[in-house]
Amino acid sequence: MGIIKSVKLAFDYLKYGEDESDVQKVRAIDDVTIDIEKGDFIAILGHNGSGKSTLAKHMNALLLPTEGTMWVDGIDTAKEPELWKVRQKAGMVFQNPDNQIIGSIVEEDVGFGPENMGVPTDEIWTRVEESLTKVGMIKHRDKSPNRLSGGQKQRVAIAGVVAMRPDCIVLDEPTAMLDPNGRQEVLRTVSELNEKENVTVILITHYMEEVIHADHVFVMDSGHVVMQGTPREIFSQVDRLKKLHLDVPQVTELAYELKKSGIDLPDGILTKEELVEELLRVSEKMKSKPQSKGTRSEKTSGGNKASGKARKKSNEREGTKK
Amino acid sequence: MILELKNVSFTYSRGTTYSVKALDNINLSIDEGQFIGVIGHTGSGKSTLIQHLNGLMQPTEGQVFYEGQDIWGSTNPAEQGKKKVSKKNRYDLRSLRTHVGLVFQYPENQLFETDVISDVSFGPKNQGLDETEIRRRAEEALRQTGVAEKFWKVSPFELSGGQKRRVAIAGVLAMNPKVLILDEPTAGLDPQGRDDILDQIKKLHDERGITILLVSHSMEDVANYADRIIVVNDGKIAYDGTPKEVFSHYRELEQMGLAAPQTTYIVNELAERGMDVDTTATTITEAKESILKALLEKRQLRKGETFV
């Protein structure tokens with residue numbers, strides 16, 4: 001079992017009308033079965049209202065399933081005595097940096113989590129220092145959070161979660177309110193935590209560019225997981241994503257358009273570098289021997305090693321599920 | 001020229017130790033009917049700048065003109081140039097704010113009425129219009145922002161994020177502004193919601209001839225929609241020109257914590273590696289056409305053969 005696993009998870013929101021007895025049930029997620037390996041970088045995509053935040057809130061027991069089960073590191077989140085254990089294992093970071101900082105100085109804010117867990121004072125200070133170093137905010141430890149930029153505030157919020165030493169961090173659109181600089185800061189921090197500390201990362205986002213380095217992507221629509229795979233597998237399906245009110249990175253879209261115009265490019269190109277290399281290759285080929293339209297080879301996989309590795313990884317995952 | 005800033009500077013907390021110069025000697029003129037993208041990193045001064053355009057902030061130095069009239073000066077020619085303006089000769093800032101509509105970030109937080117149409121009617125009601133005109137304006141604004149009629153009697157709080165945002169924009173639009181300033185109108189929306197809102201704004205610009213100022217963090221969006229881009233950095237205007245002109249400075253933009261659209265990087269990299277592409281391409285369509293052209297030139301077409 002992975003660090004986060006759900007089987008047939010469903011959740012109903014209750015909507016109250018004017019009259020108290022007039023209660024409507026709205027199913028936000030339905031029949032969601034996922035299995036996330038420890039140490040993975042996971043991205044969840046989906047348009048507004050597709051259920052991705054509802055799913056995320058199940059990962060640290062902010063919401064409890066109406067049907068089905070959610071396990072965090074083997075603990076059933078619906079078992080109330082285990083609630084605090086669950087929340088220590090999976091920390092959550094939200095969209096608005098101003099809504100989640102409560103301390104008047106950066107280091108106090110970061111210490112809040114461990115303090116609530118009953119960590120001894122000396123240990124709290126060690127953890128505060130450690131986690132602020134990890135997110136690159138140690139030199140701002142004495143500052144008031146309201147003098148920080150959005151990206152810095154989000155990094156403080158992440159440090160606050162890191163100080164609780166979770167196995168897993170769930171980030172719900174952490175970059176939506178940030179400028180390009182702030183977005184990069186936060187993403188770099190999150191990737192480093194994933195790579196160096198082996199923290200499992202679950203990133204919910206609307207920015208397709210943020211997803212391209214993930215190990216595995218889930219796409220949600222009307223409460224269901226409708227697509228999953230490596231970024232390359234997901235972004236190869238441009239038309240399907242557009243139907244789901246989503247997008248592909250600009251690079252992928254340009255490659256897709258060029259391919260439609262008859263240029264021999266692989267599907268699901270994700271980075272600028274890849275596209276440039278592929279185009280130079282095509283250009284070389286055209287110079288040497290003109291190719292007629294009919295003999296163009298249908299290449300489907302990207303040429304580089306990284307994609308092969310990612311593909312293998314995802315195949316293995318598929319295998320374990322079956 | 002509909003709006004003009006002359007030597008405008010603004011200092012926050014002037015005279016205290018916290019004093020910060022947010023705008024530094026800005027000169028800017030905006031013509032009617034333009035679609036302008038305003039970019040700059042957080043803290044560059046762009047929000048301070050747009051709040052000067054509808055008189056929400058008063059410059060510490062310099063003048064702001066709307067249709068040739070100094071909005072902080074006297075309407076009486078005899079009094080012009082004087083520091084103190086007598087009350088009766090003051091420019092009507094309230095009406096200015098109906099001409100220059102400002103949609104703040106996350107405008108849906110400002111919705112408050114019991115149903116959608118009442119919320120949108122609030123602006124025109126305050127303009128002192130009669131019932132039928134208020135209704136007409138509200139309905140028109142809702143149609144133009146793409147809010148379906150079935151939602152008009154619904155509480156705005158029951159709508160989705162994208163719909164709420166449209167209602168909020170409709171509320172400003174119902175005042176019939178000549179200039180519409182939108183501060184990151186797509187923040188937090190999903191890709192489809194983002195495209196919908198931007199397409200609606202474009203339509204307003206094309207059909208109603210409204211002058212648009214779009215503040216955005218997305219270089220791709222500005223490149224796709226604006227015909228002029230203003231880059232604010234350090235309280236000054238760093239660049240002002242067409243998307244092509246502005247994004248040709250992509251290396252300098254990076255120094256300012258900004259970037260160019262991804263396509264700009266691709267065409268520039270291709271050009272550096274010897275491909276004959278147009279390095280000023282900023283949109284996907286432009287890049288695509290330029291790359292196709294460059295590839296085709298490499299290839300000798302045989303007689304009668306077409307390259308699809």
# chains A, B, ... in the order shown; residues from 1 in each chain; ligands from 1
>>> interface_residues(of="chain A", to="chain B", cutoff="7 Å", atoms="only C-alpha atoms", output="number ranges by chain")
A: 47-48, 176-177, 179-181, 206, 245-247, 250-251, 254, 258, 261-262, 272, 276, 283, 286-287, 290
>>> select_by_dssp(residues="segment 47-227 of chain B", states="helix (DSSP H, G or I)", output="ChimeraX atom specification")
/B:47-53,77-79,87-89,93-99,107-110,116-126,131-144,149-151,156-158,161-173,191-208,219-225
>>> residues_around(residues="Val156 of chain A", least_positions_apart="2", cutoff="9 Å", atoms="only C-alpha atoms", output="JSON, numbers by chain")
{"A": [97, 101, 106, 107, 109, 110, 131, 132, 135, 137, 145, 151, 152, 153, 154, 158, 159, 160, 161]}
>>> atom_distance(atom1="atom CA of Ile202 of chain A", atom2="atom CA of Asp40 of chain A")
8.3 Å
>>> select_by_dssp(residues="segment 51-268 of chain B", states="strand (DSSP E)", output="number ranges by chain")
B: 61-66, 69-70, 100-103, 179-183, 211-215, 228-233, 236-241
>>> residues_around(residues="Ser50 of chain A", least_positions_apart="4", cutoff="10 Å", atoms="only C-alpha atoms", output="VMD selection string")
chain A and resid 28 to 29 45 to 46 54 to 55 219 to 225 244
>>> residues_around(residues="Pro59 of chain B", least_positions_apart="4", cutoff="8 Å", atoms="only C-alpha atoms", output="count of residues only")
6
>>> residues_around(residues="Gly68 of chain A", least_positions_apart="6", cutoff="8 Å", atoms="only C-alpha atoms", output="PyMOL selection string")
chain A and resi 6-10+31
>>> write_last_selection(atoms="N, CA and C atoms", output="PDB file, in the first residue's frame")
ATOM      1  N   SER A   6      -6.756   5.376  -1.678  1.00  0.00           N
ATOM      2  CA  SER A   6      -8.194   5.445  -1.446  1.00  0.00           C
ATOM      3  C   SER A   6      -8.861   4.378  -2.282  1.00  0.00           C
ATOM      4  N   VAL A   7      -9.955   3.838  -1.744  1.00  0.00           N
ATOM      5  CA  VAL A   7     -10.733   2.863  -2.488  1.00  0.00           C
ATOM      6  C   VAL A   7     -12.183   3.319  -2.526  1.00  0.00           C
ATOM      7  N   LYS A   8     -12.690   3.483  -3.737  1.00  0.00           N
ATOM      8  CA  LYS A   8     -14.093   3.869  -3.965  1.00  0.00           C
ATOM      9  C   LYS A   8     -14.527   5.039  -3.091  1.00  0.00           C
ATOM     10  N   LEU A   9     -13.672   6.025  -3.016  1.00  0.00           N
ATOM     11  CA  LEU A   9     -13.943   7.178  -2.162  1.00  0.00           C
ATOM     12  C   LEU A   9     -15.052   8.046  -2.765  1.00  0.00           C
ATOM     13  N   ALA A  10     -16.010   8.425  -1.920  1.00  0.00           N
ATOM     14  CA  ALA A  10     -17.066   9.331  -2.374  1.00  0.00           C
ATOM     15  C   ALA A  10     -17.347  10.325  -1.274  1.00  0.00           C
ATOM     16  N   ASP A  31     -16.325   7.495  -6.404  1.00  0.00           N
ATOM     17  CA  ASP A  31     -15.606   6.316  -6.875  1.00  0.00           C
ATOM     18  C   ASP A  31     -14.147   6.613  -7.225  1.00  0.00           C
TER      19      ASP A  31
END
>>> closest_residue(among="B:Ile210, B:Val222, B:Ile237, B:Ala260", to="Glu32 of chain B", atoms="only C-alpha atoms")
B:Ile210
>>> closest_residue(among="B:Asn233, B:Asn224, B:Ser74, B:Gln200", to="Val147 of chain B", atoms="only C-alpha atoms")
B:Gln200
>>> residues_around(residues="segment 134-145 of chain B", least_positions_apart="3", cutoff="8 Å", atoms="only C-alpha atoms", output="number ranges by chain")
B: 117, 120-121, 124-125, 129-131, 148-149, 166-167, 169-171, 173-176, 197, 200-201, 204
>>> closest_residue(among="A:Glu278, A:Asp76, A:Asp215, A:Asp239", to="Glu195 of chain A", atoms="only C-alpha atoms")
A:Asp215
>>> closest_residue(among="B:Lys88, B:Arg194, B:Lys164, B:Lys178", to="Gly101 of chain B", atoms="only C-alpha atoms")
B:Lys178
